[in-house]
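Student: The structure is given below, and queries will be raised subsequently.
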Amino acid sequence: MFREMRREKQALTKEQCIEMLIKETRGVMSVIGDDGYPYGFPINHYYDEEDGKLYFHGDQIGHHIDAIKADPKVSFCVYGQDEQMEGDWAYYVKSVICFGKAEIIEDYSHAMNMCYKLCKKFPCTEEYIKKEFEADAHRTLVFAIDIEFMTGKRVHEA
């Protein structure tokens, strides 16, 4: 169902992929949008090591929410900062692509816990987080990707 990487020498280990999902703050999620066209959008994420899912938050309405409700199949891609080896003009770039099904988190307590963990990924103060929760928690939707397949690679762009 999912394609294996063609260039195995470039493959990252599962542990390296998870490390990137934890470290990187943003990625691009792609959904099956209107009229079957792909719709990709940048979004912040939180990888939960306990359940192995990716969590996202946002408004309760929008193109991506409509798409997820119509077809939960999604992909999510993160890519790391470029690395340059001394004496080499070309860069190395790491990326991870996850495939899975998105699910809306109905349990309010669980959803807010994941929102809090996502906020802690950024340099937010507790005061700022509390203020945001008081203002927006009632209208925030949290969804997760249950990862079915994941690949990662490190490419030399020469």
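Ordering of the structure tokens sets the chain letters (A, B, ...), residue numbers begin anew at 1 in every chain, and ligands are numbered from 1 in the order given.
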Excluding same-chain residues fewer than 2 positions from A:Val96, what lies within 10 Å of it counting only C-alpha atoms, as a list in words?

Tutor: Ala11, Leu12, Lys14, Gln16, Cys17, Ile18, Met20, Leu21, Gly27, Phe76, Cys77, Val78, Tyr79, Gly80, Lys94, Cys98, Met150, Thr151, Gly152, Lys153 and Arg154 of chain A

Student: Write out as a list in words each polymer residue whose atoms come within 6 Å of A:Ala144, counting only C-alpha atoms; drop sequence neighbours fewer than 3 positions from it.

Tutor: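 My reading of the contact set: Leu54, Tyr55, Ala102 and Glu103 of chain A.
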
Student: Which of these residues is nearest to A:Asp146, using only C-alpha atoms: A:Ile61, A:Ala90, A:Ile22, A:Val74?

Tutor: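 Among A:Ile61, A:Ala90, A:Ile22, A:Val74, it is A:Val74 that comes nearest to A:Asp146.
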
Student: Pick from A:Ile68, A:Ile105, A:Arg7, A:Phe56: nearest to A:Gly33, with only C-alpha atoms counted?

Tutor: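 Among the listed residues, the smallest separation from A:Gly33 belongs to A:Ile68.
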
Student: Please determine, counting only C-alpha atoms, which residue among A:Phe2, A:Tyr128, A:Tyr92, A:Phe133 has the shortest atom-to-atom distance to A:Asn113.

Tutor: A:Phe133

Student: In Å to one decimal, how far is atom CA of A:Cys115 from atom CA of A:Glu24?

Tutor: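 Distance between the two atoms: 16.3 Å.
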
Student: Skip A:His64 itself and residues of its chain fewer than 5 positions away, then list as a PDB file with N, CA and C atoms, in the first residue's frame all residues within 10 Å of it, counting only C-alpha atoms.

Tutor:
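Below you can see out_17.pdb, which holds the result:
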```pdb
ATOM      1  N   MET A  29       0.925  19.633   6.024  1.00  0.00           N
ATOM      2  CA  MET A  29      -0.064  18.564   5.971  1.00  0.00           C
ATOM      3  C   MET A  29      -0.766  18.641   4.628  1.00  0.00           C
ATOM      4  N   SER A  30      -1.004  17.489   4.040  1.00  0.00           N
ATOM      5  CA  SER A  30      -1.736  17.422   2.785  1.00  0.00           C
ATOM      6  C   SER A  30      -2.960  16.552   2.971  1.00  0.00           C
ATOM      7  N   VAL A  31      -4.066  17.071   2.475  1.00  0.00           N
ATOM      8  CA  VAL A  31      -5.344  16.370   2.548  1.00  0.00           C
ATOM      9  C   VAL A  31      -5.906  16.262   1.131  1.00  0.00           C
ATOM     10  N   ILE A  32      -6.942  15.461   1.000  1.00  0.00           N
ATOM     11  CA  ILE A  32      -7.643  15.363  -0.269  1.00  0.00           C
ATOM     12  C   ILE A  32      -8.708  16.448  -0.237  1.00  0.00           C
ATOM     13  N   GLY A  33      -8.473  17.507  -1.003  1.00  0.00           N
ATOM     14  CA  GLY A  33      -9.326  18.689  -0.944  1.00  0.00           C
ATOM     15  C   GLY A  33     -10.500  18.647  -1.897  1.00  0.00           C
ATOM     16  N   ASP A  34     -11.014  19.817  -2.156  1.00  0.00           N
ATOM     17  CA  ASP A  34     -12.186  19.963  -3.024  1.00  0.00           C
ATOM     18  C   ASP A  34     -11.926  19.383  -4.408  1.00  0.00           C
ATOM     19  N   TYR A  39      -4.558  19.394  -1.160  1.00  0.00           N
ATOM     20  CA  TYR A  39      -4.495  20.670  -0.457  1.00  0.00           C
ATOM     21  C   TYR A  39      -3.451  20.537   0.640  1.00  0.00           C
ATOM     22  N   GLY A  40      -2.359  21.278   0.489  1.00  0.00           N
ATOM     23  CA  GLY A  40      -1.286  21.246   1.472  1.00  0.00           C
ATOM     24  C   GLY A  40      -1.212  22.583   2.186  1.00  0.00           C
ATOM     25  N   PHE A  41      -0.948  22.542   3.479  1.00  0.00           N
ATOM     26  CA  PHE A  41      -0.896  23.770   4.265  1.00  0.00           C
ATOM     27  C   PHE A  41       0.109  23.609   5.405  1.00  0.00           C
ATOM     28  N   LYS A  69     -12.919  15.576   7.416  1.00  0.00           N
ATOM     29  CA  LYS A  69     -14.231  14.970   7.682  1.00  0.00           C
ATOM     30  C   LYS A  69     -14.717  14.153   6.485  1.00  0.00           C
ATOM     31  N   ALA A  70     -14.371  14.593   5.281  1.00  0.00           N
ATOM     32  CA  ALA A  70     -14.795  13.881   4.070  1.00  0.00           C
ATOM     33  C   ALA A  70     -13.940  12.647   3.809  1.00  0.00           C
TER      34      ALA A  70
END
```

Student: Using only C-alpha atoms, find the one residue out of A:Leu141, A:Glu132, A:Gly52, A:His156 that sits nearest to A:Trp89.

Tutor: A:His156

Student: Hey, what does DSSP flag as helix (DSSP H, G or I) within chain A? Can you give it to me as a PyMOL selection string?

Tutor: chain A and resi 8-10+14-23+34-36+63-70+108-120+126-139

Student: Which of these, A:Ala137, A:Glu19, A:Glu148, A:Gln84, has the shortest distance to A:Asp59 once you count only C-alpha atoms?

Tutor: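 Checking each candidate against A:Asp59, we get A:Ala137 as the closest.
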
Student: I need the residue nearest A:Lys73 from this list: A:Met112, A:Gly100, A:Thr25, A:Glu126. Use only C-alpha atoms for the distance.

Tutor: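 Ranking A:Met112, A:Gly100, A:Thr25, A:Glu126 by distance to A:Lys73, first place goes to A:Gly100.
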
Student: State, in Å with one decimal place, the distance from atom CA of A:Ile145 to atom CA of A:Ser75.

Tutor: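 Computing it gives 8.8 Å between the two atoms.
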
Student: So which bits of chain A end up strand (DSSP E) when you DSSP the backbone, as JSON, numbers by chain?

Tutor: {"A": [26, 27, 28, 29, 30, 31, 32, 38, 39, 40, 41, 42, 43, 44, 46, 47, 48, 53, 54, 55, 56, 57, 58, 59, 73, 74, 75, 76, 77, 78, 79, 83, 84, 91, 92, 93, 94, 95, 96, 97, 98, 99, 100, 101, 102, 103, 104, 140, 141, 142, 143, 144, 145, 146, 147, 148, 149, 150, 151, 152, 153, 154, 155, 156]}
